[in-house]
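J.: One file: data_15.cif (mmCIF, C-alpha atoms; chains and numbers go by the auth columns).
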data_input
loop_
_atom_site.group_PDB
_atom_site.id
_atom_site.type_symbol
_atom_site.label_atom_id
_atom_site.label_comp_id
_atom_site.label_asym_id
_atom_site.label_seq_id
_atom_site.Cartn_x
_atom_site.Cartn_y
_atom_site.Cartn_z
_atom_site.B_iso_or_equiv
_atom_site.auth_seq_id
_atom_site.auth_asym_id
ATOM 1 C CA MET A 1 -4.380 0.309 8.226 0.00 1196 A
ATOM 2 C CA ARG A 2 -2.343 2.174 10.806 0.00 1197 A
ATOM 3 C CA PHE A 3 1.096 1.137 11.985 0.00 1198 A
ATOM 4 C CA GLY A 4 0.582 -1.346 14.817 0.00 1199 A
ATOM 5 C CA LYS A 5 -3.198 -1.841 14.949 0.00 1200 A
ATOM 6 C CA LYS A 6 -6.179 -2.437 12.678 0.00 1201 A
ATOM 7 C CA GLY A 7 -9.693 -3.120 13.871 0.00 1202 A
ATOM 8 C CA LYS A 8 -9.925 -6.449 15.617 0.00 1203 A
ATOM 9 C CA LEU A 9 -6.315 -7.413 15.034 0.00 1204 A
ATOM 10 C CA SER A 10 -4.005 -7.360 18.022 0.00 1205 A
ATOM 11 C CA PRO A 11 -1.195 -4.794 18.094 0.00 1206 A
ATOM 12 C CA ARG A 12 2.314 -5.761 17.047 0.00 1207 A
ATOM 13 C CA TYR A 13 5.443 -4.895 18.979 0.00 1208 A
ATOM 14 C CA VAL A 14 8.745 -4.112 17.309 0.00 1209 A
ATOM 15 C CA GLY A 15 11.973 -3.643 19.110 0.00 1210 A
ATOM 16 C CA PRO A 16 13.394 -3.673 21.745 0.00 1211 A
ATOM 17 C CA TYR A 17 14.635 -0.082 21.688 0.00 1212 A
ATOM 18 C CA ARG A 18 16.562 1.830 24.318 0.00 1213 A
ATOM 19 C CA ILE A 19 14.866 4.631 26.292 0.00 1214 A
ATOM 20 C CA ILE A 20 16.837 7.850 25.862 0.00 1215 A
ATOM 21 C CA GLN A 21 14.821 10.312 27.927 0.00 1216 A
ATOM 22 C CA ARG A 22 11.795 10.478 30.190 0.00 1217 A
ATOM 23 C CA ILE A 23 9.392 13.245 29.183 0.00 1218 A
ATOM 24 C CA GLY A 24 6.953 14.110 31.962 0.00 1219 A
ATOM 25 C CA GLN A 25 5.465 11.287 34.002 0.00 1220 A
ATOM 26 C CA VAL A 26 3.978 9.128 31.240 0.00 1221 A
ATOM 27 C CA ALA A 27 6.050 9.641 28.054 0.00 1222 A
ATOM 28 C CA TYR A 28 9.431 8.346 26.915 0.00 1223 A
ATOM 29 C CA ARG A 29 11.724 9.155 23.986 0.00 1224 A
ATOM 30 C CA LEU A 30 13.160 6.031 22.347 0.00 1225 A
ATOM 31 C CA GLU A 31 16.299 5.532 20.295 0.00 1226 A
ATOM 32 C CA LEU A 32 14.866 4.318 16.965 0.00 1227 A
ATOM 33 C CA PRO A 33 16.913 3.072 13.978 0.00 1228 A
ATOM 34 C CA THR A 34 17.183 5.111 10.791 0.00 1229 A
ATOM 35 C CA GLU A 35 14.687 2.818 8.983 0.00 1230 A
ATOM 36 C CA MET A 36 12.006 4.164 11.325 0.00 1231 A
ATOM 37 C CA SER A 37 12.863 7.831 10.842 0.00 1232 A
ATOM 38 C CA LEU A 38 9.244 8.610 9.857 0.00 1233 A
ATOM 39 C CA VAL A 39 7.964 7.429 13.253 0.00 1234 A
ATOM 40 C CA TYR A 40 7.866 10.068 15.994 0.00 1235 A
ATOM 41 C CA PRO A 41 10.189 8.780 18.773 0.00 1236 A
ATOM 42 C CA VAL A 42 8.069 9.815 21.814 0.00 1237 A
ATOM 43 C CA PHE A 43 5.656 7.171 23.137 0.00 1238 A
ATOM 44 C CA HIS A 44 3.122 7.017 25.965 0.00 1239 A
ATOM 45 C CA ILE A 45 3.980 4.467 28.637 0.00 1240 A
ATOM 46 C CA SER A 46 0.883 2.386 27.757 0.00 1241 A
ATOM 47 C CA MET A 47 2.355 1.678 24.287 0.00 1242 A
ATOM 48 C CA LEU A 48 5.578 0.181 25.667 0.00 1243 A
ATOM 49 C CA LYS A 49 6.311 -3.330 26.917 0.00 1244 A
ATOM 50 C CA LYS A 50 8.575 -3.585 29.926 0.00 1245 A
ATOM 51 C CA VAL A 51 10.320 -6.900 29.179 0.00 1246 A
ATOM 52 C CA VAL A 52 10.172 -9.226 26.187 0.00 1247 A
ATOM 53 C CA ARG A 53 11.567 -12.545 27.340 0.00 1248 A
ATOM 54 C CA ASP A 54 10.479 -14.605 24.331 0.00 1249 A
ATOM 55 C CA PRO A 55 12.537 -13.565 21.249 0.00 1250 A
ATOM 56 C CA SER A 56 9.865 -14.977 18.907 0.00 1251 A
ATOM 57 C CA LEU A 57 7.533 -12.134 19.983 0.00 1252 A
ATOM 58 C CA ILE A 58 9.929 -9.511 18.593 0.00 1253 A
ATOM 59 C CA VAL A 59 9.144 -8.589 14.991 0.00 1254 A
ATOM 60 C CA PRO A 60 12.333 -7.498 13.201 0.00 1255 A
ATOM 61 C CA VAL A 61 12.149 -4.104 11.507 0.00 1256 A
ATOM 62 C CA GLU A 62 13.395 -5.543 8.212 0.00 1257 A
ATOM 63 C CA THR A 63 10.245 -7.680 7.796 0.00 1258 A
ATOM 64 C CA ILE A 64 7.843 -4.765 8.234 0.00 1259 A
ATOM 65 C CA GLU A 65 7.267 -2.984 4.952 0.00 1260 A
ATOM 66 C CA VAL A 66 5.907 0.368 6.128 0.00 1261 A
ATOM 67 C CA ASN A 67 5.286 3.007 3.470 0.00 1262 A
ATOM 68 C CA GLU A 68 5.497 6.787 3.900 0.00 1263 A
ATOM 69 C CA GLY A 69 1.960 7.043 5.314 0.00 1264 A
ATOM 70 C CA LEU A 70 2.953 4.642 8.136 0.00 1265 A
ATOM 71 C CA THR A 71 0.657 1.951 6.738 0.00 1266 A
ATOM 72 C CA TYR A 72 1.252 -1.561 5.445 0.00 1267 A
ATOM 73 C CA GLU A 73 -0.768 -3.944 3.321 0.00 1268 A
ATOM 74 C CA GLU A 74 -2.144 -7.250 4.486 0.00 1269 A
ATOM 75 C CA ILE A 75 -2.422 -10.051 1.961 0.00 1270 A
ATOM 76 C CA PRO A 76 -5.528 -12.296 1.871 0.00 1271 A
ATOM 77 C CA ILE A 77 -4.739 -15.984 1.506 0.00 1272 A
ATOM 78 C CA THR A 78 -8.115 -17.656 1.152 0.00 1273 A
ATOM 79 C CA ILE A 79 -11.789 -17.513 2.089 0.00 1274 A
ATOM 80 C CA LEU A 80 -12.634 -19.866 4.954 0.00 1275 A
ATOM 81 C CA ASP A 81 -16.401 -19.452 5.288 0.00 1276 A
ATOM 82 C CA ARG A 82 -19.391 -17.585 3.849 0.00 1277 A
ATOM 83 C CA GLN A 83 -22.404 -16.400 5.880 0.00 1278 A
ATOM 84 C CA VAL A 84 -25.635 -14.604 5.009 0.00 1279 A
ATOM 85 C CA GLN A 85 -27.205 -12.652 7.849 0.00 1280 A
ATOM 86 C CA LYS A 86 -30.931 -12.074 7.343 0.00 1281 A
ATOM 87 C CA LEU A 87 -32.440 -8.874 8.671 0.00 1282 A
ATOM 88 C CA ARG A 88 -36.070 -7.819 8.269 0.00 1283 A
ATOM 89 C CA ASN A 89 -35.790 -6.298 4.816 0.00 1284 A
ATOM 90 C CA LYS A 90 -32.368 -7.263 3.549 0.00 1285 A
ATOM 91 C CA GLU A 91 -29.637 -9.868 3.609 0.00 1286 A
ATOM 92 C CA ILE A 92 -25.991 -9.117 4.396 0.00 1287 A
ATOM 93 C CA ALA A 93 -23.394 -11.476 2.937 0.00 1288 A
ATOM 94 C CA SER A 94 -20.076 -11.763 4.747 0.00 1289 A
ATOM 95 C CA VAL A 95 -17.020 -13.941 4.307 0.00 1290 A
ATOM 96 C CA LYS A 96 -14.346 -15.104 6.717 0.00 1291 A
ATOM 97 C CA VAL A 97 -10.967 -14.224 5.192 0.00 1292 A
ATOM 98 C CA LEU A 98 -7.619 -15.668 6.235 0.00 1293 A
ATOM 99 C CA TRP A 99 -5.012 -12.865 6.156 0.00 1294 A
ATOM 100 C CA ARG A 100 -1.232 -13.050 6.173 0.00 1295 A
ATOM 101 C CA ASN A 101 -0.237 -10.271 8.554 0.00 1296 A
ATOM 102 C CA GLN A 102 3.550 -10.041 8.719 0.00 1297 A
ATOM 103 C CA GLN A 103 4.504 -13.467 10.167 0.00 1298 A
ATOM 104 C CA VAL A 104 1.092 -14.365 11.646 0.00 1299 A
ATOM 105 C CA GLU A 105 -2.036 -15.675 9.927 0.00 1300 A
ATOM 106 C CA GLU A 106 -5.348 -14.333 11.255 0.00 1301 A
ATOM 107 C CA ALA A 107 -8.967 -14.553 10.103 0.00 1302 A
ATOM 108 C CA THR A 108 -11.578 -11.779 10.153 0.00 1303 A
ATOM 109 C CA CYS A 109 -15.154 -11.393 8.896 0.00 1304 A
ATOM 110 C CA GLU A 110 -15.461 -8.918 6.041 0.00 1305 A
ATOM 111 C CA ASP A 111 -18.209 -7.715 3.697 0.00 1306 A
ATOM 112 C CA GLU A 112 -18.416 -10.030 0.682 0.00 1307 A
ATOM 113 C CA GLU A 113 -18.939 -7.284 -1.940 0.00 1308 A
ATOM 114 C CA GLU A 114 -15.983 -5.267 -0.633 0.00 1309 A
ATOM 115 C CA ILE A 115 -13.662 -8.290 -0.775 0.00 1310 A
ATOM 116 C CA LYS A 116 -14.932 -9.205 -4.271 0.00 1311 A
ATOM 117 C CA ASN A 117 -14.084 -5.724 -5.527 0.00 1312 A
ATOM 118 C CA LYS A 118 -10.616 -5.604 -3.952 0.00 1313 A
ATOM 119 C CA TYR A 119 -9.541 -9.238 -4.445 0.00 1314 A
ATOM 120 C CA PRO A 120 -11.516 -10.908 -7.276 0.00 1315 A
ATOM 121 C CA ASN A 121 -8.946 -13.728 -7.535 0.00 1316 A
ATOM 122 C CA LEU A 122 -10.184 -15.216 -4.225 0.00 1317 A
ATOM 123 C CA PHE A 123 -13.597 -16.024 -5.772 0.00 1318 A
ATOM 124 C CA GLU A 124 -12.337 -17.890 -8.853 0.00 1319 A
#
Please render this file's structure as structure tokens.

T.:
Amino acid sequence: MRFGKKGKLSPRYVGPYRIIQRIGQVAYRLELPTEMSLVYPVFHISMLKKVVRDPSLIVPVETIEVNEGLTYEEIPITILDRQVQKLRNKEIASVKVLWRNQQVEEATCEDEEEIKNKYPNLFE
């Protein structure tokens, strides 16, 4: 999972951070805190939000546990639903998993065998 976006999940915004320098017409250098020293400080304009009026939309840096590879781990809470999709010659089992992603809970459809291998405690 990359910092900020994974598959169907919506991107997260952290900040706000001050713009130090404009680089070209579409890039900006931001003043990032020392906790984010592994993140390159130059961003394309499409990755920035102009104004964040609602403080609840700002995710504090302290709550994001980003490792050296700029990834973080989501924690599955429970399985909401199970489906079996029938094709001509085979059946594909999928489950709807409720994930705890930072401060938001979201559900996605995942392959049942993959989830069983990674998180066997959900099927007990």

J.: Grab the CA of Lys1285 in chain A to CA of Glu1301 in chain A distance for me, in Å with one decimal place.

T.: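 Distance between the two atoms: 29.0 Å.
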
J.: Using Å and a single decimal, report how far CA of Glu1263 in chain A sits from CA of Glu1308 in chain A.

T.: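 If I compute the distance from CA of Glu1308 in chain A to CA of Glu1263 in chain A, I get 28.8 Å.
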
J.: So what does the PyMOL selection byres ((chain A and resi 1269-1275) around 6) actually pick up in this one, as a list in words?

T.: Glu1268, Asp1276, Lys1291, Val1292, Leu1293, Trp1294, Arg1295 and Asn1296 of chain A

J.: Between A:Ser1289, A:Thr1266, A:Gln1220, A:Asn1312, which one has atoms that come closest to Leu1233 in chain A, using all atoms listed in the file?

T.: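 Looking only at the distances to Leu1233 in chain A, the closest residue turns out to be A:Thr1266.
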
J.: Which of these, A:Tyr1235, A:Asp1306, A:Arg1224, A:Lys1245, has the shortest distance to Gln1280 in chain A once you count all atoms listed in the file?

T.: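 Ranked by minimum distance to Gln1280 in chain A, first place goes to A:Asp1306.
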
J.: Box in all listed atoms of range 1215-1229 of chain A, axis-aligned, with 6 Å more on each side; write out centre and edge lengths in Å to one decimal as AutoDock Vina command-line options.

T.:
--center_x 10.6 --center_y 8.6 --center_z 22.4 --size_x 25.2 --size_y 23.0 --size_z 35.2

J.: Quick one: distance from CA of Gly1219 in chain A to CA of Gly1264 in chain A in Å, one decimal?

T.: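 These two atoms are separated by 28.0 Å.
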